[in-house]
Amino acid sequence: MSIVQMNALALQLTAKDFSEGHAPNNAGPTKTARALAILHLAAHDAYAKVTGLLTPQLGTLPDPPIGLGTDDATGTAALLGAGLFAAEQLYPDFVPFIATEAALLTAGLNVDALQYGQQVADAWVDVRNDDNSSLPDLDAMYSVEPGHHRPDPLSPKQLTLGRTWGQVKPFVLRSVVTDAPLGPPPDLHTEEYALAFDQVIEVGKHDITQRDPDFRHQAEIGIFWGYDGANHLGTPPRLYNQVVLAIPEFATLPHAQQIRLLTAVNVAMADAGIASWHWKYAYDFWRPVVAIREADAGWGPTGKGDGNHLRVRQGDPFWLPLGAPKSNPFPAPVFGAAGSNFTPNFPAYPSGHATFGSACFEVAAALLGKTPDEIVLTFVSDEFNGMTTDNMGVARPRWEATLTLQEAIEQNKISRIFLGVHWIFDATGGEMVGKAVAQKVLAAFQ
């Protein structure tokens, strides 16, 4: 029994949470990241208190019962007790499933250690109950001014998600503003914005079959790094956990260091979500699908256009992005009838994918004692596993990708431009915030 088995259960829960039309217990990538962080922190601290091999992250924890062993097996039993109890609290709709898994994972383990783990998990769940994560997170507070976020034209009644998430108490950051700062996106009248516009209008458009071969490969990269709350896939934090598990060096770590690494990357993603969503709503920047359709004078609610005279490409009132992949559509589409891909329902800048991925992979590399370009891994994304279907219900082929962790950071952040749902400065801004979060998390887990 190990942290890898606990992590596997957590990733199963994140996928099930978004499957078969289920209303998620932890909707969106930010809430998923929070849940994964709490679950791993409870497991980490239970093991740490029992074995003394790690430093607990929560200072107000009960001591293990007198006479409880301090070996790895006893610590792992406490870890499993903590993770399973936390999972039940965070995913209440799946308690029967968790109970079935628990019976297999805990058979023959030290009962006192399991019960102690539950106490640690209870402490972690309790301390996060008042972290502002229960604030209302859907609204229709849109501005009609150019440059501001508005609904996806394919879903005109779309509500915006996560406006209050930047108010959630971080796990490690003292303050998003001071610890993970981010300047504003480029002004609409600048050359930087014009270049980003001319890029995404071409490489992010919806019709893959009319792209030249290079642009088709870009579309593959866009979909590979998707996981946009799709049926059976869940959200990006699940994807980034899967990538970390595929790193060969991770498998060779002692158990205590595997626990530390998996906990640290999930805490990093939780704080990355809080930081990214803080800046998203601080700047409220529009997505390409709205910007391109309303770029020229006369278009859009105000008729102002974007006022940029440096663009090579004109606006296009009919432009659509390739879109975030609506994989494994549920219910399955009638043959020949497509379910629409989409633009996510929150502002563009910075990219959540870029923030989550950069924070996660930078932490993973550092705790392995390497730079991201020194780590090579082979990975099969669930978007291209030979079973997942596209929005038409057609199965995509299996694609086994070999890449460095640095290439993973780069592909992940730019994948969103290839889908037409982000600008290049969203990607670079997200990487900047993610790296800042990673440094703070690494300091906490040294």
# chains A, B, ... in the order shown; residues from 1 in each chain; ligands from 1
$ select_by_dssp --residues "range 25-147 of chain A" --states "helix (DSSP H, G or I)" --output "MDAnalysis selection string"
chainID A and resid 28:51 72:90 92:105 111:128
$ write_last_selection --atoms "C-alpha atoms" --output "PDB file, in the first residue's frame"
ATOM      1  CA  GLY A  28     -14.127  23.304 -12.282  1.00  0.00           C
ATOM      2  CA  PRO A  29     -10.339  22.996 -12.104  1.00  0.00           C
ATOM      3  CA  THR A  30      -9.972  25.282  -9.080  1.00  0.00           C
ATOM      4  CA  LYS A  31     -12.241  23.259  -6.805  1.00  0.00           C
ATOM      5  CA  THR A  32     -10.731  20.023  -8.070  1.00  0.00           C
ATOM      6  CA  ALA A  33      -7.251  21.322  -7.206  1.00  0.00           C
ATOM      7  CA  ARG A  34      -8.408  22.350  -3.723  1.00  0.00           C
ATOM      8  CA  ALA A  35      -9.892  18.894  -3.074  1.00  0.00           C
ATOM      9  CA  LEU A  36      -6.750  17.114  -4.261  1.00  0.00           C
ATOM     10  CA  ALA A  37      -4.592  19.347  -2.070  1.00  0.00           C
ATOM     11  CA  ILE A  38      -6.627  18.671   1.073  1.00  0.00           C
ATOM     12  CA  LEU A  39      -6.673  14.935   0.435  1.00  0.00           C
ATOM     13  CA  HIS A  40      -2.901  14.772  -0.122  1.00  0.00           C
ATOM     14  CA  LEU A  41      -2.121  17.077   2.792  1.00  0.00           C
ATOM     15  CA  ALA A  42      -4.148  14.894   5.149  1.00  0.00           C
ATOM     16  CA  ALA A  43      -2.329  11.785   3.909  1.00  0.00           C
ATOM     17  CA  HIS A  44       1.053  13.540   4.081  1.00  0.00           C
ATOM     18  CA  ASP A  45       0.589  14.828   7.615  1.00  0.00           C
ATOM     19  CA  ALA A  46      -0.744  11.533   8.973  1.00  0.00           C
ATOM     20  CA  TYR A  47       2.344   9.756   7.629  1.00  0.00           C
ATOM     21  CA  ALA A  48       4.600  12.568   8.854  1.00  0.00           C
ATOM     22  CA  LYS A  49       3.250  12.487  12.426  1.00  0.00           C
ATOM     23  CA  VAL A  50       3.531   8.704  12.685  1.00  0.00           C
ATOM     24  CA  THR A  51       6.956   8.188  11.113  1.00  0.00           C
ATOM     25  CA  ASP A  72       6.586   2.892   7.043  1.00  0.00           C
ATOM     26  CA  ALA A  73       3.785   0.308   7.137  1.00  0.00           C
ATOM     27  CA  THR A  74       2.133   1.958  10.138  1.00  0.00           C
ATOM     28  CA  GLY A  75       2.613   5.386   8.604  1.00  0.00           C
ATOM     29  CA  THR A  76       1.058   4.174   5.368  1.00  0.00           C
ATOM     30  CA  ALA A  77      -1.964   2.845   7.255  1.00  0.00           C
ATOM     31  CA  ALA A  78      -2.405   6.287   8.811  1.00  0.00           C
ATOM     32  CA  LEU A  79      -1.948   7.845   5.368  1.00  0.00           C
ATOM     33  CA  LEU A  80      -4.699   5.674   3.912  1.00  0.00           C
ATOM     34  CA  GLY A  81      -7.035   6.357   6.818  1.00  0.00           C
ATOM     35  CA  ALA A  82      -6.516  10.086   6.321  1.00  0.00           C
ATOM     36  CA  GLY A  83      -6.893  10.034   2.552  1.00  0.00           C
ATOM     37  CA  LEU A  84     -10.012   7.876   2.576  1.00  0.00           C
ATOM     38  CA  PHE A  85     -11.740   9.957   5.253  1.00  0.00           C
ATOM     39  CA  ALA A  86     -10.864  13.188   3.435  1.00  0.00           C
ATOM     40  CA  ALA A  87     -12.157  11.696   0.181  1.00  0.00           C
ATOM     41  CA  GLU A  88     -15.522  10.927   1.792  1.00  0.00           C
ATOM     42  CA  GLN A  89     -15.839  14.524   2.992  1.00  0.00           C
ATOM     43  CA  LEU A  90     -14.782  16.056  -0.319  1.00  0.00           C
ATOM     44  CA  PRO A  92     -19.850  12.837  -0.643  1.00  0.00           C
ATOM     45  CA  ASP A  93     -21.699  11.589  -3.731  1.00  0.00           C
ATOM     46  CA  PHE A  94     -19.216   8.730  -4.048  1.00  0.00           C
ATOM     47  CA  VAL A  95     -19.097   7.427  -0.475  1.00  0.00           C
ATOM     48  CA  PRO A  96     -20.285   3.922  -1.498  1.00  0.00           C
ATOM     49  CA  PHE A  97     -17.544   3.743  -4.143  1.00  0.00           C
ATOM     50  CA  ILE A  98     -14.934   4.988  -1.652  1.00  0.00           C
ATOM     51  CA  ALA A  99     -16.097   2.412   0.914  1.00  0.00           C
ATOM     52  CA  THR A 100     -15.643  -0.397  -1.604  1.00  0.00           C
ATOM     53  CA  GLU A 101     -12.140   0.804  -2.442  1.00  0.00           C
ATOM     54  CA  ALA A 102     -11.338   1.285   1.250  1.00  0.00           C
ATOM     55  CA  ALA A 103     -12.185  -2.325   2.013  1.00  0.00           C
ATOM     56  CA  LEU A 104      -9.558  -3.429  -0.506  1.00  0.00           C
ATOM     57  CA  LEU A 105      -6.918  -0.868   0.458  1.00  0.00           C
ATOM     58  CA  VAL A 111      -6.772  -0.195  12.949  1.00  0.00           C
ATOM     59  CA  ASP A 112      -5.332   2.333  15.385  1.00  0.00           C
ATOM     60  CA  ALA A 113      -3.252   3.866  12.604  1.00  0.00           C
ATOM     61  CA  LEU A 114      -6.266   4.047  10.298  1.00  0.00           C
ATOM     62  CA  GLN A 115      -8.311   5.762  12.978  1.00  0.00           C
ATOM     63  CA  TYR A 116      -5.514   8.207  13.718  1.00  0.00           C
ATOM     64  CA  GLY A 117      -5.378   9.074  10.016  1.00  0.00           C
ATOM     65  CA  GLN A 118      -9.071   9.932  10.173  1.00  0.00           C
ATOM     66  CA  GLN A 119      -8.351  12.371  13.002  1.00  0.00           C
ATOM     67  CA  VAL A 120      -5.698  14.098  10.908  1.00  0.00           C
ATOM     68  CA  ALA A 121      -8.044  14.312   7.918  1.00  0.00           C
ATOM     69  CA  ASP A 122     -10.778  15.712  10.123  1.00  0.00           C
ATOM     70  CA  ALA A 123      -8.393  18.449  11.264  1.00  0.00           C
ATOM     71  CA  TRP A 124      -7.493  19.354   7.674  1.00  0.00           C
ATOM     72  CA  VAL A 125     -11.116  19.400   6.482  1.00  0.00           C
ATOM     73  CA  ASP A 126     -12.070  21.495   9.488  1.00  0.00           C
ATOM     74  CA  VAL A 127      -9.320  24.075   8.993  1.00  0.00           C
ATOM     75  CA  ARG A 128     -10.353  24.540   5.346  1.00  0.00           C
TER      76      ARG A 128
END
$ residues_around --residues "Val437 in chain A" --least-positions-apart "2" --cutoff "10 Å" --atoms "only C-alpha atoms" --output "PyMOL selection string"
chain A and resi 172-173+176+179-181+267-273+275+355-356+358-360+362-363+431-435+439-442
$ select_by_dssp --residues "range 267-435 of chain A" --states "strand (DSSP E or B)" --output "number ranges by chain"
A: 285, 321, 324, 342, 376-385, 389, 395, 398-404
$ closest_residue --among "A:Val177, A:Val394, A:Val203, A:Leu154" --to "Val289 in chain A" --atoms "only C-alpha atoms"
A:Leu154
$ closest_residue --among "A:Thr235, A:Gln314, A:Asn345, A:Ser381" --to "Arg398 in chain A" --atoms "only C-alpha atoms"
A:Ser381
$ closest_residue --among "A:Ser155, A:Lys169, A:Val4, A:Ala295" --to "Asp131 in chain A" --atoms "only C-alpha atoms"
A:Lys169
